[in-house]
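Below is one structure; the comments refer to it alone.
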Amino acid sequence: MEHFNISIHDITKSTLKNVKKLKEILKEEGMEKISYLLIPYYHEKECLTEIADEIKSLVRNGEPILHGYTHKGKKLKKLSPTKLLTDNEGEFISHNNIEERLIKGKEILKKINIEPEGFIAPAWLMKKRL
């Protein structure tokens, strides 16, 4: 079999039920090593600390990835590529406090004893300086 990456994106409290189902389907197909893209404080409404035990269990034997802090960009009044293509979820393209957001995201994961093995920006977009 060729090597490829299986990743499940946008893991939050509200997506957890479906993520668990998807993980089971992938396991049935023999895919054990999965990357889990975790959003620590989704849209500033759902924090992964609320479901810490479930998240730790989910990512066991997988690859936890920090996927932004809130996955929410700044509210834009005018039409822009970020608004049009990401529905304002391009957090790391529209905010200026990027380092602070990375630190806060890692801190939440650390509270639930998860050390991210990587980072993928929400909407796969980030400023060139990163």
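For the structure tokens, the naming scheme is as follows: chains receive sequential letters (A, B, ...) according to their order of presentation, residues are indexed from 1 within each chain, and ligands are indexed from 1 in presentation order.
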
Using backbone DSSP assignments, extract all alpha helix (DSSP H) residues from segment 39-80 of chain A; output them as number ranges by chain.
-> A: 52-59

If we count only C-alpha atoms and set the cut-off at 8 Å, which residues sit around segment 7-12 of chain A, ignoring sequence neighbours fewer than 5 positions away in its own chain? Please answer as an mmCIF file with N, CA and C atoms, in the first residue's frame.
```
data_model
loop_
_atom_site.group_PDB
_atom_site.id
_atom_site.type_symbol
_atom_site.label_atom_id
_atom_site.label_comp_id
_atom_site.auth_asym_id
_atom_site.auth_seq_id
_atom_site.Cartn_x
_atom_site.Cartn_y
_atom_site.Cartn_z
ATOM 1 N N VAL A 19 -16.959 12.507 14.421
ATOM 2 C CA VAL A 19 -15.537 12.163 14.324
ATOM 3 C C VAL A 19 -15.310 10.736 14.830
ATOM 4 N N ILE A 34 -3.996 8.162 12.312
ATOM 5 C CA ILE A 34 -4.833 9.260 11.835
ATOM 6 C C ILE A 34 -4.333 10.557 12.453
ATOM 7 N N SER A 35 -4.337 11.626 11.666
ATOM 8 C CA SER A 35 -4.040 12.962 12.180
ATOM 9 C C SER A 35 -5.361 13.613 12.572
ATOM 10 N N TYR A 36 -5.398 14.173 13.776
ATOM 11 C CA TYR A 36 -6.604 14.803 14.302
ATOM 12 C C TYR A 36 -6.369 16.303 14.428
ATOM 13 N N LEU A 37 -7.079 17.107 13.647
ATOM 14 C CA LEU A 37 -6.921 18.551 13.651
ATOM 15 C C LEU A 37 -7.855 19.145 14.699
ATOM 16 N N LEU A 38 -7.260 19.522 15.816
ATOM 17 C CA LEU A 38 -7.997 19.956 17.002
ATOM 18 C C LEU A 38 -8.138 21.477 17.053
ATOM 19 N N ILE A 39 -9.349 21.936 17.276
ATOM 20 C CA ILE A 39 -9.612 23.369 17.465
ATOM 21 C C ILE A 39 -9.851 23.583 18.960
ATOM 22 N N PRO A 40 -8.904 24.186 19.673
ATOM 23 C CA PRO A 40 -9.002 24.298 21.125
ATOM 24 C C PRO A 40 -10.213 25.072 21.647
ATOM 25 N N TYR A 42 -13.243 26.543 19.788
ATOM 26 C CA TYR A 42 -14.001 26.727 18.556
ATOM 27 C C TYR A 42 -14.986 27.888 18.634
ATOM 28 N N GLU A 46 -16.861 26.748 22.261
ATOM 29 C CA GLU A 46 -16.650 25.375 22.710
ATOM 30 C C GLU A 46 -15.164 25.164 23.004
ATOM 31 N N CYS A 47 -14.871 24.734 24.225
ATOM 32 C CA CYS A 47 -13.474 24.501 24.596
ATOM 33 C C CYS A 47 -13.229 22.995 24.749
ATOM 34 N N LEU A 48 -12.126 22.543 24.209
ATOM 35 C CA LEU A 48 -11.807 21.120 24.289
ATOM 36 C C LEU A 48 -11.626 20.632 25.724
ATOM 37 N N HIS A 67 -5.024 23.087 15.201
ATOM 38 C CA HIS A 67 -5.693 23.611 14.010
ATOM 39 C C HIS A 67 -6.301 24.969 14.337
#
```

What does the distance between atom CA of Arg101 of chain A and atom CA of Tyr69 of chain A come to in Å, to one decimal place?
->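 Rounded to one decimal, the two atoms are 5.6 Å apart.
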
Nearest to Asn18 of chain A, chosen from A:Pro64, A:Gly30, A:Ala123, A:Leu58, with only C-alpha atoms counted in the distances = A:Leu58

Tell me, as an MDAnalysis selection string, which residues lie within 9 Å of Pro116 of chain A, counting only C-alpha atoms; anything in the same chain fewer than 6 positions away does not count.
-> chainID A and resid 38 63:66 106 109:110

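All residues of protein, DNA or RNA that reach within 6 Å of Lys72 of chain A, judged by only C-alpha atoms and not counting those fewer than 4 positions away in the chain, are His43, Glu89 and Glu91 of chain A.
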
Atom CA of Asp53 of chain A to atom CA of Ile114 of chain A: how many Å, to one decimal?
->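 Between these atoms lies a distance of 10.7 Å.
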
Separation of atom CA of Lys20 of chain A and atom CA of Glu50 of chain A, in Å?
-> 16.5 Å

Surrounding residues of Leu16 of chain A excluding itself and chain neighbours under 5 positions, 9 Å, only C-alpha atoms, as a list of chain:residue names =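 So, after excluding close chain neighbours, the residues are A:Ile11, A:Lys21, A:Glu54, A:Ile55.
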
Please provide as a list in words all residues within 9 Å of Asn61 of chain A, with the sequence filter that same-chain residues fewer than 4 positions apart are discarded (counting only C-alpha atoms).
-> Glu32, Lys33, Ile34 and Ser57 of chain A

Among segment 26-75 of chain A, which ones does DSSP place in strand (DSSP E), written as a ChimeraX atom specification?
-> /A:35-38,41-42,46-47,63-66

Save out the residues we just selected, N, CA, C and O atoms, as an mmCIF file, in the first residue's frame.
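Result file follows (out_33.cif):
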```
data_model
loop_
_atom_site.group_PDB
_atom_site.id
_atom_site.type_symbol
_atom_site.label_atom_id
_atom_site.label_comp_id
_atom_site.auth_asym_id
_atom_site.auth_seq_id
_atom_site.Cartn_x
_atom_site.Cartn_y
_atom_site.Cartn_z
ATOM 1 N N SER A 35 -4.337 11.626 11.666
ATOM 2 C CA SER A 35 -4.040 12.962 12.180
ATOM 3 C C SER A 35 -5.361 13.613 12.572
ATOM 4 O O SER A 35 -6.323 13.600 11.801
ATOM 5 N N TYR A 36 -5.398 14.173 13.776
ATOM 6 C CA TYR A 36 -6.604 14.803 14.302
ATOM 7 C C TYR A 36 -6.369 16.303 14.428
ATOM 8 O O TYR A 36 -5.537 16.730 15.226
ATOM 9 N N LEU A 37 -7.079 17.107 13.647
ATOM 10 C CA LEU A 37 -6.921 18.551 13.651
ATOM 11 C C LEU A 37 -7.855 19.145 14.699
ATOM 12 O O LEU A 37 -9.074 19.251 14.497
ATOM 13 N N LEU A 38 -7.260 19.522 15.816
ATOM 14 C CA LEU A 38 -7.997 19.956 17.002
ATOM 15 C C LEU A 38 -8.138 21.477 17.053
ATOM 16 O O LEU A 38 -7.152 22.197 16.914
ATOM 17 N N TYR A 41 -10.579 26.177 21.003
ATOM 18 C CA TYR A 41 -11.646 27.047 21.540
ATOM 19 C C TYR A 41 -12.543 27.486 20.379
ATOM 20 O O TYR A 41 -12.599 28.652 20.019
ATOM 21 N N TYR A 42 -13.243 26.543 19.788
ATOM 22 C CA TYR A 42 -14.001 26.727 18.556
ATOM 23 C C TYR A 42 -14.986 27.888 18.634
ATOM 24 O O TYR A 42 -15.893 27.900 19.463
ATOM 25 N N GLU A 46 -16.861 26.748 22.261
ATOM 26 C CA GLU A 46 -16.650 25.375 22.710
ATOM 27 C C GLU A 46 -15.164 25.164 23.004
ATOM 28 O O GLU A 46 -14.343 25.365 22.127
ATOM 29 N N CYS A 47 -14.871 24.734 24.225
ATOM 30 C CA CYS A 47 -13.474 24.501 24.596
ATOM 31 C C CYS A 47 -13.229 22.995 24.749
ATOM 32 O O CYS A 47 -14.047 22.284 25.343
ATOM 33 N N GLU A 63 -2.149 11.253 15.709
ATOM 34 C CA GLU A 63 -1.284 12.426 15.632
ATOM 35 C C GLU A 63 -2.126 13.673 15.891
ATOM 36 O O GLU A 63 -2.846 14.125 15.017
ATOM 37 N N PRO A 64 -2.048 14.235 17.110
ATOM 38 C CA PRO A 64 -2.802 15.461 17.392
ATOM 39 C C PRO A 64 -2.147 16.672 16.719
ATOM 40 O O PRO A 64 -0.935 16.868 16.817
ATOM 41 N N ILE A 65 -2.949 17.448 16.032
ATOM 42 C CA ILE A 65 -2.477 18.628 15.310
ATOM 43 C C ILE A 65 -3.247 19.844 15.807
ATOM 44 O O ILE A 65 -4.483 19.815 15.873
ATOM 45 N N LEU A 66 -2.536 20.908 16.125
ATOM 46 C CA LEU A 66 -3.178 22.173 16.483
ATOM 47 C C LEU A 66 -3.729 22.791 15.199
ATOM 48 O O LEU A 66 -3.001 22.980 14.226
#
```

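When only C-alpha atoms are used to compute distances to Asn96 of chain A, the closest of the residues A:Leu26, A:Ile112, A:Met31, A:Met126 turns out to be A:Met126.
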